[in-house]
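As structure tokens, the structure follows; a few thoughts come after it.
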Amino acid sequence: MTLEKQKTTIIFAVPILLMVTAFFANLFVEGWNWSPFDFTMAAVLLFGTAFFINLVIRSKKPLLTKLIICFIILLLLALVWIELAVGIFGTPFAGS
């Protein structure tokens, strides 16, 4: 049980560290200009990804299946993040 809590803590610590890093970078790095909406979207994407990865890790599936599903989840995160940042697919959600 303790190992499961440790895994969950680590999984959710990663988005927290990324958000804190982005916050301080926004304060001190010239050219880093995230709006509150940008922080909200980043938090939704990062914590949503952590939530789904946590579900997969806790499932009773074989290890290889878990790894493949987690890879797909992380790939989707990367594609959505890139689309929102630079618009590689040209959707209306792309950044300016």
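We name chains A, B, ... following the order of the structure tokens; residues begin at 1 in each chain, and ligands are numbered from 1 as shown.
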
Item to check | A:Leu77 environment, 9 Å, only C-alpha atoms, sequence neighbours closer than 6 positions dropped, as an MDAnalysis selection string | outcome: chainID A and resid 45:46 49

With N, CA, C and O atoms retained, export the selected residues as a tab-separated table (two decimals), in the first residue's frame.
```
chain	number	residue	atom	x	y	z
A	45	LEU	N	-3.73	20.00	-18.72
A	45	LEU	CA	-3.03	18.98	-19.51
A	45	LEU	C	-2.11	18.12	-18.65
A	45	LEU	O	-2.12	16.88	-18.75
A	46	LEU	N	-1.30	18.75	-17.80
A	46	LEU	CA	-0.33	18.01	-17.01
A	46	LEU	C	-0.99	17.14	-15.94
A	46	LEU	O	-0.65	15.97	-15.78
A	49	THR	N	-3.00	14.31	-17.56
A	49	THR	CA	-2.08	13.25	-17.97
A	49	THR	C	-1.64	12.43	-16.76
A	49	THR	O	-1.62	11.20	-16.81
```

- Query: Counting only C-alpha atoms, what is within 9 Å of stretch 37-40 of chain A, bar same-chain residues fewer than 4 positions away, as a ChimeraX atom specification?
  - Reply: /A:19,22-23,44-45

*asked:* List as a PyMOL selection string the protein and nucleic acid residues near stretch 57-60 of chain A, meaning an atom at most 12 Å away when only C-alpha atoms are counted, but skip any in the same chain fewer than 5 places from it.
replied: chain A and resi 1+3-5+7-8+10-11+50-52+65-71

Please produce a file of those selected residues containing all heavy atoms, as a compact mmCIF listing (two decimals), in the first residue's frame.
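Contents of selection-v2.txt, freshly written:
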```txt
# COMPACT_ATOMS: atom_id res chain seq x y z
N MET A 1 0.83 -1.21 0.00
CA MET A 1 0.00 0.00 0.00
C MET A 1 0.86 1.26 0.00
O MET A 1 0.57 2.21 -0.68
CB MET A 1 -0.93 -0.04 1.21
CG MET A 1 -1.94 1.07 1.19
SD MET A 1 -2.99 0.93 -0.25
CE MET A 1 -4.44 1.65 0.34
N LEU A 3 3.84 1.58 -1.22
CA LEU A 3 4.46 1.71 -2.53
C LEU A 3 3.50 2.37 -3.52
O LEU A 3 3.92 3.21 -4.33
CB LEU A 3 4.90 0.34 -3.05
CG LEU A 3 5.71 0.33 -4.33
CD1 LEU A 3 6.98 1.17 -4.14
CD2 LEU A 3 6.07 -1.08 -4.72
N GLU A 4 2.22 2.03 -3.45
CA GLU A 4 1.22 2.66 -4.32
C GLU A 4 1.10 4.15 -4.04
O GLU A 4 1.00 4.96 -4.96
CB GLU A 4 -0.16 1.98 -4.15
CG GLU A 4 -0.23 0.59 -4.69
CD GLU A 4 -0.07 0.53 -6.20
OE1 GLU A 4 -0.59 1.43 -6.88
OE2 GLU A 4 0.59 -0.39 -6.68
N LYS A 5 1.13 4.53 -2.77
CA LYS A 5 1.07 5.94 -2.40
C LYS A 5 2.30 6.68 -2.88
O LYS A 5 2.22 7.83 -3.33
CB LYS A 5 0.91 6.10 -0.89
CG LYS A 5 -0.46 5.74 -0.38
CD LYS A 5 -0.57 5.96 1.11
CE LYS A 5 -1.93 5.54 1.63
NZ LYS A 5 -2.06 5.75 3.06
N LYS A 7 4.13 5.87 -5.52
CA LYS A 7 4.00 6.01 -6.97
C LYS A 7 3.08 7.17 -7.31
O LYS A 7 3.39 7.98 -8.18
CB LYS A 7 3.45 4.72 -7.59
CG LYS A 7 4.42 3.59 -7.65
CD LYS A 7 3.75 2.38 -8.29
CE LYS A 7 4.62 1.16 -8.25
NZ LYS A 7 3.94 -0.02 -8.83
N THR A 8 1.95 7.24 -6.62
CA THR A 8 0.99 8.32 -6.87
C THR A 8 1.61 9.67 -6.55
O THR A 8 1.46 10.63 -7.31
CB THR A 8 -0.29 8.10 -6.04
OG1 THR A 8 -0.87 6.85 -6.41
CG2 THR A 8 -1.30 9.21 -6.29
N ILE A 10 4.77 10.50 -6.64
CA ILE A 10 5.76 10.83 -7.67
C ILE A 10 5.08 11.25 -8.96
O ILE A 10 5.48 12.23 -9.60
CB ILE A 10 6.70 9.63 -7.90
CG1 ILE A 10 7.59 9.43 -6.68
CG2 ILE A 10 7.54 9.83 -9.16
CD1 ILE A 10 8.37 8.14 -6.67
N ILE A 11 4.02 10.53 -9.33
CA ILE A 11 3.32 10.85 -10.58
C ILE A 11 2.75 12.27 -10.52
O ILE A 11 2.83 13.02 -11.51
CB ILE A 11 2.20 9.82 -10.85
CG1 ILE A 11 2.84 8.47 -11.24
CG2 ILE A 11 1.25 10.31 -11.94
CD1 ILE A 11 1.86 7.33 -11.31
N ALA A 50 -1.29 13.10 -15.67
CA ALA A 50 -0.87 12.39 -14.46
C ALA A 50 -2.00 11.51 -13.94
O ALA A 50 -1.76 10.37 -13.51
CB ALA A 50 -0.45 13.39 -13.38
N PHE A 51 -3.23 12.01 -14.00
CA PHE A 51 -4.38 11.23 -13.53
C PHE A 51 -4.53 9.94 -14.34
O PHE A 51 -4.68 8.85 -13.79
CB PHE A 51 -5.66 12.08 -13.62
CG PHE A 51 -6.91 11.31 -13.34
CD1 PHE A 51 -7.26 10.98 -12.05
CD2 PHE A 51 -7.74 10.91 -14.38
CE1 PHE A 51 -8.42 10.26 -11.79
CE2 PHE A 51 -8.89 10.19 -14.13
CZ PHE A 51 -9.24 9.87 -12.83
N PHE A 52 -4.47 10.06 -15.68
CA PHE A 52 -4.66 8.89 -16.52
C PHE A 52 -3.48 7.92 -16.40
O PHE A 52 -3.68 6.69 -16.41
CB PHE A 52 -4.90 9.29 -17.97
CG PHE A 52 -6.29 9.82 -18.19
CD1 PHE A 52 -6.48 11.15 -18.55
CD2 PHE A 52 -7.39 9.02 -18.02
CE1 PHE A 52 -7.75 11.66 -18.73
CE2 PHE A 52 -8.68 9.51 -18.19
CZ PHE A 52 -8.86 10.83 -18.56
N THR A 65 1.79 -3.80 -21.55
CA THR A 65 0.56 -3.08 -21.89
C THR A 65 0.52 -1.73 -21.20
O THR A 65 0.17 -0.72 -21.82
CB THR A 65 -0.67 -3.91 -21.51
OG1 THR A 65 -0.58 -5.19 -22.13
CG2 THR A 65 -1.96 -3.23 -21.92
N LYS A 66 0.90 -1.69 -19.94
CA LYS A 66 0.95 -0.43 -19.20
C LYS A 66 1.91 0.56 -19.85
O LYS A 66 1.60 1.74 -20.00
CB LYS A 66 1.37 -0.66 -17.75
CG LYS A 66 0.34 -1.34 -16.90
CD LYS A 66 0.89 -1.52 -15.49
CE LYS A 66 -0.04 -2.28 -14.60
NZ LYS A 66 0.47 -2.42 -13.23
N LEU A 67 3.08 0.06 -20.24
CA LEU A 67 4.08 0.92 -20.87
C LEU A 67 3.58 1.48 -22.20
O LEU A 67 3.77 2.67 -22.49
CB LEU A 67 5.39 0.16 -21.08
CG LEU A 67 6.18 -0.16 -19.83
CD1 LEU A 67 7.36 -1.06 -20.16
CD2 LEU A 67 6.66 1.11 -19.16
N ILE A 68 2.93 0.66 -22.99
CA ILE A 68 2.41 1.12 -24.28
C ILE A 68 1.32 2.16 -24.07
O ILE A 68 1.31 3.20 -24.73
CB ILE A 68 1.89 -0.08 -25.11
CG1 ILE A 68 3.06 -0.96 -25.54
CG2 ILE A 68 1.08 0.39 -26.31
CD1 ILE A 68 2.67 -2.29 -26.15
N ILE A 69 0.41 1.92 -23.15
CA ILE A 69 -0.67 2.87 -22.88
C ILE A 69 -0.10 4.19 -22.35
O ILE A 69 -0.53 5.27 -22.78
CB ILE A 69 -1.71 2.27 -21.92
CG1 ILE A 69 -2.43 1.09 -22.58
CG2 ILE A 69 -2.72 3.33 -21.47
CD1 ILE A 69 -3.31 0.30 -21.65
N CYS A 70 0.86 4.12 -21.43
CA CYS A 70 1.48 5.34 -20.91
C CYS A 70 2.20 6.10 -22.00
O CYS A 70 2.15 7.34 -22.06
CB CYS A 70 2.43 5.01 -19.76
SG CYS A 70 1.59 4.56 -18.24
N PHE A 71 2.88 5.38 -22.91
CA PHE A 71 3.54 6.03 -24.04
C PHE A 71 2.53 6.76 -24.91
O PHE A 71 2.77 7.90 -25.33
CB PHE A 71 4.33 5.01 -24.86
CG PHE A 71 4.96 5.59 -26.08
CD1 PHE A 71 6.11 6.36 -25.99
CD2 PHE A 71 4.39 5.40 -27.34
CE1 PHE A 71 6.68 6.92 -27.12
CE2 PHE A 71 4.95 5.96 -28.47
CZ PHE A 71 6.10 6.72 -28.37
```

How would you write, as a PyMOL selection string, the set of residues in chain A that DSSP gives as helix (DSSP H, G or I)? chain A and resi 2-28+36-58+63-86
